[in-house]
Structure formats: structure tokens, C-alpha cells
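**Student:** Can you read through this structure? Questions will come right after.
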Amino acid sequence: MKTSSTLTSAALAIALTFGVTSMQAYALDADAVANSVDNDQYSLETEFKKLDTDSNALLSQTEFGKDKFFTKGHFAKADIDNNGTLNQQEFVDYKSGAQKQAAKRIASDTVITTKAKAELLAEKNLKSLQISVKTFNGAVILSGFVDDEMSKLKAETIVSKIDGVKSVKNSLVVKS
Ligand SMILES: [Ca+2]
Ligand SMILES: [Ca+2]
């Protein structure tokens, strides 16, 4: 009995550790996301089986469409041999590639946001605590309040010079 309860608490400790790890991955720890993607072959095979509702080992466009990860237009790209269905290999290859890209995008967006915040904070003439920075796919949105038109332009200039920034939408409002 004692052994069994020790095992149980060990299992609990492991579960807690994994719980924390996945929380960190969720908090956009890029390396953790990338590593979990690398070890994801098995779960992608499971996902394939779940999506394959008629169990014919192929995904139709409708079956694939139930995967919420993808928007329209992905089926044709995943269908490498262009035969109108996805076999497991096509699905696993396509989805693991897409997940890696998403992880990379999240990582580089996070770097941009962090850098933008730091540089805005370093700019003495800006009250940057009132500036919010959001990044998606290299496109940055600045929002919040600044004291004057100069600050609004200054913030945009600073952020547009950061590596990886493709565009800046300046939604800052000048307090009057
Ligand atoms: Ca099927
Ligand atoms: Ca195919």
C-alpha cells in the first residue's frame, strides 16, 4: 500500500510538472512550443483518425474542414499528390509544418512586441505606459493615449525601425 501511494504522489508530481510546462508553452515560450511540435507526430496521427469520420484512412475536404486550426484554402496545399483526398502522411506533414510556422510566427511577434515596449519605455518624452503594442505576423498596432502629435509620430517611427516589423498601424489618440 505504501509503495502504491508513493507512486501515486510521484505520478501527481509529474502531472503537476507537465501542467506547468504546458502553461509555459501556452505563455508563448517559443522553444517549448517548437519542442512540443517536434514530439507531436503521435498526436497528429490521433487527430487524423478523429477527423476521418468514415474511417477510410483518407480525409475528404469536408472531414479536413473540421480541423479548426485551418482556415479555407489549406486543403489544396496539403494535398501534395493532388488526388482530392489527404492520406495520413499528407495530413501529418502539412499540419506539423503549419504548427512549426505558427510557433515561429508567435515567437517573432513576441520578440517584436517586447522590443517595441522596451524602446518606447526608453524614450523619455513618451509616456509609454499608456501605449499598448500588439503584433500579428509582423504587423504592429499601437493604441492608447499620448500627449501630443509629436509623441504619436515619434512612437510610430521608433516601432517601424524594429527588425521584422512589416507595418505599423498607428491608432494612438492625442489627448487634448
Ligand atoms: Ca475519410
Ligand atoms: Ca492526396
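A note on labels: chains of the C-alpha cells are A, B, ... as shown, every chain counts residues from 1, and ligands are counted from 1 in their shown order.
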Using only C-alpha atoms and all ligand atoms, which residues have at least one atom no more than 7 Å from ligand 2? Output them as a PyMOL selection string.
**Tutor:** chain A and resi 79-87+90
**Student:** Show which residues sit within 7 Å of Phe145 of chain A, as a PDB file with N, CA and C atoms, in the first residue's frame. Count only C-alpha atoms, and ignore same-chain residues fewer than 3 positions away.
**Tutor:**
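Everything below was put into part-v2.pdb:
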ATOM      1  N   GLN A 130       1.122  54.231 -21.291  1.00  0.00           N
ATOM      2  CA  GLN A 130      -0.217  54.393 -21.852  1.00  0.00           C
ATOM      3  C   GLN A 130      -0.303  53.910 -23.284  1.00  0.00           C
ATOM      4  N   ILE A 131       0.822  53.374 -23.793  1.00  0.00           N
ATOM      5  CA  ILE A 131       0.813  52.871 -25.164  1.00  0.00           C
ATOM      6  C   ILE A 131       0.748  51.349 -25.148  1.00  0.00           C
ATOM      7  N   LEU A 172      -2.887  55.534 -32.034  1.00  0.00           N
ATOM      8  CA  LEU A 172      -2.731  56.328 -30.816  1.00  0.00           C
ATOM      9  C   LEU A 172      -3.625  57.567 -30.886  1.00  0.00           C
ATOM     10  N   VAL A 173      -4.158  57.923 -29.749  1.00  0.00           N
ATOM     11  CA  VAL A 173      -5.055  59.084 -29.677  1.00  0.00           C
ATOM     12  C   VAL A 173      -4.345  60.202 -28.910  1.00  0.00           C
ATOM     13  N   VAL A 174      -4.338  61.371 -29.493  1.00  0.00           N
ATOM     14  CA  VAL A 174      -3.727  62.531 -28.830  1.00  0.00           C
ATOM     15  C   VAL A 174      -4.718  63.114 -27.826  1.00  0.00           C
ATOM     16  N   LYS A 175      -4.253  63.182 -26.583  1.00  0.00           N
ATOM     17  CA  LYS A 175      -5.122  63.745 -25.530  1.00  0.00           C
ATOM     18  C   LYS A 175      -5.198  65.257 -25.734  1.00  0.00           C
TER      19      LYS A 175
END
**Student:** Rounded to one decimal in Å, what is the spacing between atom CA of Ile112 of chain A and atom CA of Asn137 of chain A?
**Tutor:**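 Between these atoms lies a distance of 9.9 Å.
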**Student:** Residues of chain A within 7 Å of ligand 1: nearest atom pair and distance (Å, one decimal) for each, counting only C-alpha atoms and all ligand atoms, sorted by chain and number, as a Markdown table?
**Tutor:**
| residue | atom | partner | partner_atom_place_in_ligand_line | distance |
| --- | --- | --- | --- | --- |
| A:Asp52 | CA | ligand 1 | 1 (Ca) | 4.2 |
| A:Thr53 | CA | ligand 1 | 1 (Ca) | 5.7 |
| A:Asp54 | CA | ligand 1 | 1 (Ca) | 4.8 |
| A:Ser55 | CA | ligand 1 | 1 (Ca) | 5.3 |
| A:Asn56 | CA | ligand 1 | 1 (Ca) | 4.7 |
| A:Ala57 | CA | ligand 1 | 1 (Ca) | 5.7 |
| A:Leu58 | CA | ligand 1 | 1 (Ca) | 4.4 |
| A:Leu59 | CA | ligand 1 | 1 (Ca) | 4.3 |
| A:Ser60 | CA | ligand 1 | 1 (Ca) | 5.6 |
| A:Glu63 | CA | ligand 1 | 1 (Ca) | 6.5 |
**Student:** Once DSSP has gone over the backbone, tell me which residues of segment 14-165 of chain A are in strand (DSSP E), as a ChimeraX atom specification.
**Tutor:** /A:131-136,139-146
**Student:** Tell me, as a ChimeraX atom specification, which residues lie within 12 Å of Val146 of chain A, counting only C-alpha atoms; anything in the same chain fewer than 6 positions away does not count.
**Tutor:** /A:120,125-132,152-156,170-176
**Student:** Measuring between only C-alpha atoms, which one of A:Lys117, A:Ile158, A:Thr62, A:Phe136 shows the shortest distance to Ala102 of chain A?
**Tutor:**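 Nearest to Ala102 of chain A: A:Phe136.
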**Student:** Compile the contact shell of Glu45 of chain A as a short mmCIF file (atom, residue, chain, number, x, y, z; two decimals) with C-alpha atoms, in the first residue's frame: residues with an atom at most 12 Å away, counting only C-alpha atoms, same-chain residues fewer than 2 positions apart removed.
**Tutor:**
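What landed in out.cif:
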data_model
loop_
_atom_site.label_atom_id
_atom_site.label_comp_id
_atom_site.auth_asym_id
_atom_site.auth_seq_id
_atom_site.Cartn_x
_atom_site.Cartn_y
_atom_site.Cartn_z
CA ASN A 39 7.16 15.43 -30.44
CA ASP A 40 3.71 15.74 -31.87
CA GLN A 41 3.74 13.03 -34.54
CA TYR A 42 1.68 10.65 -32.42
CA SER A 43 -0.99 13.18 -31.55
CA GLU A 47 -6.11 13.77 -34.84
CA PHE A 48 -6.15 12.26 -38.32
CA LYS A 49 -8.16 9.29 -37.07
CA LYS A 50 -10.62 11.60 -35.31
CA LEU A 51 -11.15 13.71 -38.40
CA ASP A 52 -11.58 10.62 -40.59
CA ALA A 57 -7.93 6.25 -43.97
CA LEU A 58 -8.37 9.32 -46.16
CA ASN A 87 -3.78 10.43 -46.63
CA GLN A 88 -2.28 10.37 -43.15
CA GLN A 89 1.19 11.31 -44.35
CA GLU A 90 -0.08 14.35 -46.24
CA PHE A 91 -2.08 15.46 -43.19
CA VAL A 92 0.71 14.93 -40.65
CA ASP A 93 3.35 16.59 -42.85
CA LYS A 95 -0.08 20.13 -40.11
CA SER A 96 3.28 19.74 -38.40
#
**Student:** Can you work out the spacing between atom CA of Ala76 of chain A and atom CA of Gln61 of chain A in Å, to one decimal?
**Tutor:**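 Spanning atom CA of Ala76 of chain A to atom CA of Gln61 of chain A is a straight-line distance of 8.8 Å.
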**Student:** Leaving out Ile141 of chain A and any residue of its chain fewer than 3 positions from it, which residues lie within 8 Å of it when counting only C-alpha atoms, given as JSON, numbers by chain?
**Tutor:** {"A": [133, 134, 135, 168, 169, 170, 171]}
**Student:** Which is closest to Lys161 of chain A among A:Lys115, A:Lys66, A:Arg105, A:Lys77, if we use only C-alpha atoms?
**Tutor:**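 Smallest separation from Lys161 of chain A among the options: A:Lys115.
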